[in-house]
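Colleague: Just structure.json, nothing more (JSON, C-alpha atoms and all ligand atoms):
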[["chain", "number", "residue", "atom", "x", "y", "z"],
["G", 125, "MET", "CA", -41.89, -10.86, -0.39],
["G", 126, "ASN", "CA", -40.69, -14.13, -1.92],
["G", 127, "THR", "CA", -38.98, -13.70, -5.23],
["G", 128, "LEU", "CA", -39.28, -16.03, -8.17],
["G", 129, "SER", "CA", -36.33, -17.94, -9.54],
["G", 130, "THR", "CA", -36.27, -19.14, -13.13],
["G", 131, "PRO", "CA", -33.87, -21.31, -15.12],
["G", 132, "GLY", "CA", -33.34, -18.61, -17.76],
["G", 133, "SER", "CA", -31.54, -15.30, -17.25],
["G", 134, "LEU", "CA", -33.58, -12.13, -17.26],
["G", 135, "PHE", "CA", -32.07, -8.87, -18.51],
["G", 136, "VAL", "CA", -33.82, -5.54, -18.09],
["G", 137, "VAL", "CA", -32.61, -2.50, -20.01],
["G", 138, "ALA", "CA", -33.84, 1.00, -19.19],
["G", 139, "ALA", "CA", -32.79, 4.48, -20.33],
["G", 140, "PRO", "CA", -34.20, 7.93, -20.89],
["G", 141, "SER", "CA", -35.60, 8.67, -24.33],
["G", 142, "GLY", "CA", -32.72, 9.56, -26.68],
["G", 143, "ALA", "CA", -30.01, 7.60, -24.86],
["G", 144, "GLY", "CA", -29.93, 5.04, -27.68],
["G", 145, "LYS", "CA", -31.50, 2.10, -25.88],
["G", 146, "SER", "CA", -33.58, 0.75, -28.76],
["G", 147, "SER", "CA", -30.70, 0.76, -31.26],
["G", 148, "LEU", "CA", -28.40, -0.98, -28.79],
["G", 149, "VAL", "CA", -30.96, -3.63, -27.91],
["G", 150, "LYS", "CA", -31.80, -4.20, -31.58],
["G", 151, "GLN", "CA", -28.15, -4.80, -32.44],
["G", 152, "LEU", "CA", -27.59, -6.98, -29.37],
["G", 153, "LEU", "CA", -30.54, -9.19, -30.35],
["G", 154, "ALA", "CA", -29.38, -9.39, -33.97],
["G", 155, "GLN", "CA", -26.03, -10.76, -32.80],
["G", 156, "ASP", "CA", -27.28, -13.02, -30.01],
["G", 157, "GLY", "CA", -29.72, -15.66, -31.14],
["G", 158, "GLN", "CA", -30.16, -16.99, -27.60],
["G", 159, "LEU", "CA", -31.67, -13.79, -26.27],
["G", 160, "HIS", "CA", -35.42, -13.25, -26.69],
["G", 161, "LEU", "CA", -37.13, -9.89, -26.52],
["G", 162, "SER", "CA", -40.33, -9.69, -24.52],
["G", 163, "ILE", "CA", -43.12, -7.98, -26.50],
["G", 164, "SER", "CA", -44.98, -5.54, -24.26],
["G", 165, "HIS", "CA", -48.58, -4.38, -24.41],
["G", 166, "THR", "CA", -49.22, -0.67, -24.83],
["G", 167, "THR", "CA", -52.17, 1.68, -25.22],
["G", 168, "ARG", "CA", -50.19, 4.05, -27.45],
["G", 169, "ALA", "CA", -50.87, 4.08, -31.18],
["G", 170, "PRO", "CA", -48.42, 2.35, -33.55],
["G", 171, "ARG", "CA", -45.74, 4.67, -35.02],
["G", 172, "GLY", "CA", -44.35, 4.53, -38.55],
["G", 173, "GLN", "CA", -43.55, 0.98, -39.58],
["G", 174, "GLU", "CA", -44.50, -0.64, -36.28],
["G", 175, "VAL", "CA", -46.50, -3.86, -36.56],
["G", 176, "ASP", "CA", -48.91, -5.26, -33.97],
["G", 177, "GLY", "CA", -47.30, -8.25, -32.27],
["G", 178, "ARG", "CA", -43.77, -7.31, -33.41],
["G", 179, "GLU", "CA", -42.78, -4.06, -31.62],
["G", 180, "TYR", "CA", -45.77, -4.18, -29.24],
["G", 181, "HIS", "CA", -49.18, -5.69, -28.74],
["G", 182, "PHE", "CA", -51.24, -2.56, -29.34],
["G", 183, "VAL", "CA", -54.40, -2.56, -27.23],
["G", 184, "ASP", "CA", -57.07, -0.02, -26.31],
["G", 185, "THR", "CA", -57.32, 1.40, -22.80],
["G", 186, "PRO", "CA", -60.28, -0.79, -21.67],
["G", 187, "THR", "CA", -58.39, -3.93, -22.74],
["G", 188, "PHE", "CA", -55.25, -2.75, -20.94],
["G", 189, "GLU", "CA", -57.23, -1.96, -17.78],
["G", 190, "ARG", "CA", -58.93, -5.35, -17.91],
["G", 191, "MET", "CA", -55.53, -7.03, -18.14],
["G", 192, "VAL", "CA", -54.32, -5.01, -15.14],
["G", 193, "ALA", "CA", -57.41, -6.04, -13.15],
["G", 194, "GLN", "CA", -56.92, -9.70, -14.12],
["G", 195, "GLY", "CA", -53.30, -9.64, -13.00],
["G", 196, "ALA", "CA", -52.09, -10.42, -16.51],
["G", 197, "PHE", "CA", -49.08, -8.11, -16.14],
["G", 198, "ILE", "CA", -45.96, -8.93, -14.19],
["G", 199, "GLU", "CA", -45.23, -5.22, -14.23],
["G", 200, "TRP", "CA", -46.88, -2.22, -15.80],
["G", 201, "ALA", "CA", -46.49, 1.54, -15.71],
["G", 202, "GLN", "CA", -47.76, 4.79, -17.20],
["G", 203, "VAL", "CA", -45.05, 6.28, -19.40],
["G", 204, "HIS", "CA", -45.52, 9.58, -21.23],
["G", 205, "GLY", "CA", -49.30, 9.27, -20.71],
["G", 206, "ASN", "CA", -49.73, 5.72, -22.05],
["G", 207, "GLY", "CA", -50.02, 2.34, -20.39],
["G", 208, "TYR", "CA", -47.19, -0.16, -20.93],
["G", 209, "GLY", "CA", -47.01, -3.65, -19.45],
["G", 210, "THR", "CA", -45.14, -6.94, -19.56],
["G", 211, "SER", "CA", -47.58, -9.82, -19.67],
["G", 212, "ARG", "CA", -46.80, -12.96, -17.72],
["G", 213, "ALA", "CA", -47.43, -14.88, -20.94],
["G", 214, "ALA", "CA", -44.69, -12.88, -22.72],
["G", 215, "ILE", "CA", -41.91, -14.18, -20.50],
["G", 216, "ALA", "CA", -43.02, -17.05, -18.26],
["G", 217, "ALA", "CA", -42.78, -19.88, -20.79],
["G", 218, "ARG", "CA", -39.37, -18.85, -22.12],
["G", 219, "LEU", "CA", -37.85, -18.26, -18.69],
["G", 220, "GLY", "CA", -39.29, -21.54, -17.43],
["G", 221, "ALA", "CA", -37.74, -23.35, -20.38],
["G", 222, "GLY", "CA", -34.33, -21.94, -19.46],
["G", 223, "GLU", "CA", -34.19, -19.35, -22.23],
["G", 224, "ASP", "CA", -32.77, -15.86, -21.71],
["G", 225, "VAL", "CA", -35.22, -12.99, -21.95],
["G", 226, "LEU", "CA", -34.61, -9.26, -22.36],
["G", 227, "LEU", "CA", -37.08, -6.59, -21.31],
["G", 228, "GLU", "CA", -36.73, -3.11, -22.80],
["G", 229, "ILE", "CA", -38.87, -1.16, -20.38],
["G", 230, "ASP", "CA", -38.90, 2.02, -18.30],
["G", 231, "PHE", "CA", -37.23, 2.36, -14.89],
["G", 232, "GLN", "CA", -40.47, 1.91, -12.93],
["G", 233, "GLY", "CA", -41.04, -1.45, -14.61],
["G", 234, "ALA", "CA", -37.41, -2.45, -14.14],
["G", 235, "LEU", "CA", -37.61, -1.86, -10.40],
["G", 236, "GLN", "CA", -40.86, -3.84, -10.18],
["G", 237, "ILE", "CA", -39.21, -6.73, -12.02],
["G", 238, "LYS", "CA", -36.27, -6.73, -9.60],
["G", 239, "ARG", "CA", -38.68, -7.09, -6.68],
["G", 240, "ILE", "CA", -40.24, -10.17, -8.29],
["G", 241, "PHE", "CA", -37.16, -11.72, -9.88],
["G", 242, "ALA", "CA", -34.21, -11.04, -7.59],
["G", 243, "HIS", "CA", -31.83, -12.58, -10.14],
["G", 244, "ALA", "CA", -32.88, -10.13, -12.89],
["G", 245, "VAL", "CA", -29.94, -8.11, -14.22],
["G", 246, "LEU", "CA", -30.82, -4.41, -14.43],
["G", 247, "VAL", "CA", -28.90, -2.30, -16.93],
["G", 248, "PHE", "CA", -29.25, 1.48, -17.18],
["G", 249, "ILE", "CA", -28.05, 3.30, -20.29],
["G", 250, "LEU", "CA", -26.92, 6.88, -19.75],
["G", 251, "PRO", "CA", -26.19, 9.57, -22.32],
["G", 252, "PRO", "CA", -22.66, 11.01, -22.02],
["G", 253, "SER", "CA", -24.05, 14.43, -20.99],
["G", 254, "TRP", "CA", -27.26, 16.44, -20.83],
["G", 255, "ALA", "CA", -26.07, 18.53, -23.77],
["G", 256, "GLU", "CA", -25.57, 15.40, -25.89],
["G", 257, "LEU", "CA", -28.99, 14.04, -24.94],
["G", 258, "GLN", "CA", -30.58, 17.34, -25.97],
["G", 259, "ARG", "CA", -28.63, 17.24, -29.23],
["G", 260, "ARG", "CA", -29.80, 13.70, -30.02],
["G", 261, "LEU", "CA", -33.44, 14.44, -29.20],
["G", 262, "THR", "CA", -33.36, 17.57, -31.35],
["G", 263, "GLY", "CA", -31.42, 15.87, -34.14],
["G", 264, "ARG", "CA", -34.12, 13.24, -34.65],
["G", 265, "GLY", "CA", -36.31, 16.02, -36.00],
["G", 266, "GLU", "CA", -39.37, 14.10, -34.81],
["G", 267, "ASP", "CA", -40.59, 16.25, -31.98],
["G", 268, "ALA", "CA", -41.65, 19.83, -31.28],
["G", 269, "PRO", "CA", -39.46, 21.91, -28.89],
["G", 270, "ALA", "CA", -42.07, 21.58, -26.12],
["G", 271, "VAL", "CA", -42.01, 17.78, -26.44],
["G", 272, "ILE", "CA", -38.20, 17.79, -26.29],
["G", 273, "ALA", "CA", -38.28, 20.02, -23.21],
["G", 274, "GLN", "CA", -40.69, 17.54, -21.59],
["G", 275, "ARG", "CA", -38.44, 14.60, -22.49],
["G", 276, "MET", "CA", -35.43, 16.38, -21.01],
["G", 277, "ALA", "CA", -37.36, 17.01, -17.78],
["G", 278, "ASN", "CA", -38.45, 13.34, -17.68],
["G", 279, "ALA", "CA", -34.88, 12.25, -18.41],
["G", 280, "ARG", "CA", -33.64, 14.00, -15.27],
["G", 281, "GLN", "CA", -36.11, 12.03, -13.15],
["G", 282, "GLU", "CA", -35.26, 8.77, -14.92],
["G", 283, "VAL", "CA", -31.49, 9.21, -14.67],
["G", 284, "ALA", "CA", -31.87, 9.85, -10.94],
["G", 285, "GLN", "CA", -32.91, 6.16, -10.66],
["G", 286, "ALA", "CA", -29.69, 4.82, -12.19],
["G", 287, "PRO", "CA", -28.07, 4.12, -8.77],
["G", 288, "ARG", "CA", -30.69, 1.40, -8.22],
["G", 289, "PHE", "CA", -29.51, -0.57, -11.24],
["G", 290, "ASP", "CA", -26.86, -3.32, -11.32],
["G", 291, "TYR", "CA", -24.94, -2.00, -14.33],
["G", 292, "VAL", "CA", -24.55, 1.35, -16.05],
["G", 293, "ILE", "CA", -23.48, 1.90, -19.63],
["G", 294, "ILE", "CA", -22.56, 5.36, -20.90],
["G", 295, "ASN", "CA", -23.56, 5.51, -24.53],
["G", 296, "GLY", "CA", -21.00, 7.90, -25.97],
["G", 297, "SER", "CA", -19.78, 5.59, -28.72],
["G", 298, "PHE", "CA", -22.33, 3.09, -30.05],
["G", 299, "GLU", "CA", -19.71, 0.38, -30.64],
["G", 300, "ASP", "CA", -18.31, 0.67, -27.12],
["G", 301, "ALA", "CA", -21.78, 0.70, -25.56],
["G", 302, "LEU", "CA", -22.78, -2.39, -27.57],
["G", 303, "ALA", "CA", -19.62, -4.20, -26.47],
["G", 304, "ASP", "CA", -20.41, -3.25, -22.87],
["G", 305, "LEU", "CA", -23.92, -4.65, -23.17],
["G", 306, "GLN", "CA", -22.63, -7.88, -24.71],
["G", 307, "THR", "CA", -20.10, -8.16, -21.90],
["G", 308, "ILE", "CA", -22.81, -7.90, -19.26],
["G", 309, "VAL", "CA", -24.86, -10.63, -20.95],
["G", 310, "ARG", "CA", -21.82, -12.83, -21.29],
["G", 311, "ALA", "CA", -20.73, -12.33, -17.68],
["G", 312, "GLN", "CA", -24.22, -13.14, -16.41],
["G", 313, "ARG", "CA", -24.17, -16.39, -18.39],
["G", 314, "LEU", "CA", -20.89, -17.27, -16.67],
["G", 315, "THR", "CA", -22.21, -16.97, -13.13],
["G", 316, "TYR", "CA", -22.21, -20.24, -11.25],
["G", 317, "ALA", "CA", -26.01, -20.40, -11.13],
["G", 318, "ALA", "CA", -26.41, -19.78, -14.86],
["G", 319, "GLN", "CA", -23.64, -22.23, -15.78],
["G", 320, "ALA", "CA", -25.17, -24.90, -13.53],
["G", 321, "ARG", "CA", -28.45, -24.52, -15.43],
["G", 322, "ARG", "CA", -26.99, -24.35, -18.92],
["G", 323, "GLN", "CA", -24.26, -26.95, -18.47],
["G", 324, "ALA", "CA", -26.23, -29.37, -16.29],
["G", 325, "ALA", "CA", -24.75, -32.50, -17.91],
["G", 326, "THR", "CA", -21.15, -31.27, -17.52],
["G", 327, "PHE", "CA", -21.76, -30.26, -13.96],
["G", 328, "ALA", "CA", -23.29, -33.65, -13.17],
["G", 329, "ALA", "CA", -20.33, -35.43, -14.76],
["G", 330, "LEU", "CA", -18.05, -33.32, -12.54],
["G", 331, "ASP", "CA", -20.11, -34.27, -9.49],
["G", 332, "LEU", "CA", -21.22, -30.66, -9.13],
["G", 333, "ASN", "CA", -24.77, -29.64, -8.51],
["F", 1, "LIG", "P1", -42.02, 3.98, -26.72],
["F", 1, "LIG", "O1", -43.45, 4.44, -26.71],
["F", 1, "LIG", "O2", -41.08, 5.08, -27.11],
["F", 1, "LIG", "O3", -41.86, 2.71, -27.51],
["F", 1, "LIG", "O4", -41.65, 3.60, -25.20],
["F", 1, "LIG", "C1", -41.75, 4.55, -24.17],
["F", 1, "LIG", "C2", -41.12, 3.97, -22.92],
["F", 1, "LIG", "O5", -41.90, 2.87, -22.40],
["F", 1, "LIG", "C3", -39.73, 3.40, -23.15],
["F", 1, "LIG", "O6", -38.89, 3.77, -22.05],
["F", 1, "LIG", "C4", -39.97, 1.91, -23.15],
["F", 1, "LIG", "O7", -38.81, 1.19, -22.79],
["F", 1, "LIG", "C5", -41.04, 1.80, -22.09],
["F", 1, "LIG", "N1", -41.75, 0.51, -22.13],
["F", 1, "LIG", "C6", -41.98, -0.28, -23.20],
["F", 1, "LIG", "N2", -42.62, -1.39, -22.85],
["F", 1, "LIG", "C7", -42.79, -1.34, -21.50],
["F", 1, "LIG", "C8", -43.36, -2.23, -20.54],
["F", 1, "LIG", "O8", -43.87, -3.31, -20.83],
["F", 1, "LIG", "N3", -43.34, -1.81, -19.25],
["F", 1, "LIG", "C9", -42.80, -0.62, -18.85],
["F", 1, "LIG", "N4", -42.81, -0.35, -17.55],
["F", 1, "LIG", "N5", -42.24, 0.23, -19.73],
["F", 1, "LIG", "C10", -42.24, -0.11, -21.04]]
Now, as a test, write the supplied structure out as structure tokens.
Modeller:
Amino acid sequence: MNTLSTPGSLFVVAAPSGAGKSSLVKQLLAQDGQLHLSISHTTRAPRGQEVDGREYHFVDTPTFERMVAQGAFIEWAQVHGNGYGTSRAAIAARLGAGEDVLLEIDFQGALQIKRIFAHAVLVFILPPSWAELQRRLTGRGEDAPAVIAQRMANARQEVAQAPRFDYVIINGSFEDALADLQTIVRAQRLTYAAQARRQAATFAALDLN
């Protein structure tokens, strides 16, 4: 299959529930104004303080299925019993304009994205151990023991996909993991292809193309 190339860099971050992905991505985005988060569609109900159009576009199942049928999603997957998808509209314009986009999605979606965008940078965040993951899931105090057991079982399947990713971060210390994530973004921006896009005038002046 032909893959699509875009002027902007595309970062995809996946992790099992409890590995600390959302906190890391939130902090990364807060410190990097050039990185834009793609807002996914989901059929799950909003939690807590979540706002439609900010964390997700919350849609009902018929709407989600219609979008799937219309090919509105670049990737989509069922995760924990709900539909989640990245709409073309969420990323196409930004990537086309040369902006960097980050997708915080599950491993199935990440692997679909890599098939479409060969230049996408896939990052997998691991917990330091199974015991620590269990401790973090339990410590949140949000879920019943059966739910935590299910998340641990899912986590084993998800972690088994880590070898298919470009980079792996072990989130033992939040500060170290954040620095690792920032390093990956920075290194990607320094690749020849990314520099040629971002520094087009300099490259032209140096007779490079
Ligand atoms: P949550 O419901 O906890 O926000 O997310 C559950 C899982 O779905 C997380 O792993 C999250 O990264 C993933 N997810 C969120 N949006 C998308 C998406 O658009 N596509 C896919 N494949 N997974 C997603």
Colleague: Within 7 Å of ligand LIG 1 (chain F), which residues of chain G show up? Give each one with its shortest atom-to-atom distance in Å (one decimal) and the two atoms involved, counting all atoms listed in the file, rows by chain then rising residue number, as a tab-separated table.
Modeller:
residue	atom	partner	partner_atom	distance
G:Ala138	CA	F:LIG1	O7	6.1
G:Ala139	CA	F:LIG1	O6	6.4
G:Pro140	CA	F:LIG1	O6	6.4
G:Ser141	CA	F:LIG1	O6	6.3
G:Ser164	CA	F:LIG1	O8	4.2
G:His165	CA	F:LIG1	O8	6.0
G:Thr166	CA	F:LIG1	N2	6.9
G:Arg168	CA	F:LIG1	O1	6.8
G:Glu199	CA	F:LIG1	N3	6.4
G:Trp200	CA	F:LIG1	N4	4.8
G:Ala201	CA	F:LIG1	N4	4.5
G:Val203	CA	F:LIG1	O5	5.5
G:His204	CA	F:LIG1	C1	6.9
G:Tyr208	CA	F:LIG1	C8	4.4
G:Gly209	CA	F:LIG1	O8	3.4
G:Thr210	CA	F:LIG1	O8	4.1
G:Glu228	CA	F:LIG1	O7	4.8
G:Ile229	CA	F:LIG1	O7	3.4
G:Asp230	CA	F:LIG1	N5	4.1
G:Phe231	CA	F:LIG1	N4	6.7
G:Gln232	CA	F:LIG1	N4	5.7
G:Gly233	CA	F:LIG1	N4	3.6
G:Ala234	CA	F:LIG1	N4	6.7
Colleague: Write out as an MDAnalysis selection string each polymer residue whose atoms come within 12 Å of Ala301 of chain G, counting only C-alpha atoms; drop sequence neighbours fewer than 6 positions from it.
Modeller: chainID G and resid 143:145 147:149 151:152 247:252 291:295 307:308
Colleague: Ranking G:Val192, G:Leu235, G:Ser146, G:Ile198 by minimum distance to Ala216 of chain G and counting only C-alpha atoms, which one comes first?
Modeller: G:Ile198
Colleague: For the atom pair atom CA of Leu226 of chain G and atom CA of Val245 of chain G, what is the interatomic distance in Å to one decimal place?
Modeller: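 For atom CA of Leu226 of chain G relative to atom CA of Val245 of chain G, the distance reads 9.5 Å.
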Colleague: Could you list, as a VMD selection string, every residue within 8 Å of Asn333 of chain G, counting all atoms listed in the file and ignoring same-chain residues fewer than 3 positions away?
Modeller: chain G and resid 320 324 327 to 328
Colleague: Please report the interatomic distance between atom CA of Ile237 of chain G and atom CA of Phe135 of chain G in Å with one decimal.
Modeller: 9.9 Å
Colleague: To one decimal in Å, tell me the separation between atom CA of Asp290 of chain G and atom CA of Arg313 of chain G.
Modeller: 15.1 Å
Colleague: Restricting the calculation to only C-alpha atoms: of G:Leu246, G:Leu134, G:Phe241, G:Thr185, which residue gets closest to Ala286 of chain G?
Modeller: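 Checking each of G:Leu246, G:Leu134, G:Phe241, G:Thr185 against Ala286 of chain G, counting only C-alpha atoms, the winner is G:Leu246.
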Colleague: For Gly296 of chain G, which residue among G:Thr167, G:Gln173, G:Ser253, G:Thr187 is the nearest when counting only C-alpha atoms?
Modeller: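 That would be G:Ser253, the residue with the smallest distance to Gly296 of chain G.
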Colleague: Thr127 of chain G: which residues within 12 Å, counting all atoms listed in the file, same-chain residues fewer than 6 positions away excluded, as number ranges by chain?
Modeller: G: 236-244
Colleague: From the set G:Tyr316, G:Trp254, G:Phe298, G:Phe197, which residue has the shortest atom-to-atom contact distance to Ala273 of chain G, counting all atoms listed in the file?
Modeller: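 The shortest atom-to-atom distance to Ala273 of chain G comes from G:Trp254.
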Colleague: So which one's closest to Ala213 of chain G, G:Met191, G:Val183, G:Ala317, G:Leu257? Using all atoms listed in the file, please.
Modeller: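 Closest candidate: G:Met191.
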Colleague: Closest to Lys150 of chain G among G:Leu302, G:Ser133, G:Leu261, G:Phe188, using all atoms listed in the file?
Modeller: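 Ranking G:Leu302, G:Ser133, G:Leu261, G:Phe188 by distance to Lys150 of chain G, first place goes to G:Leu302.
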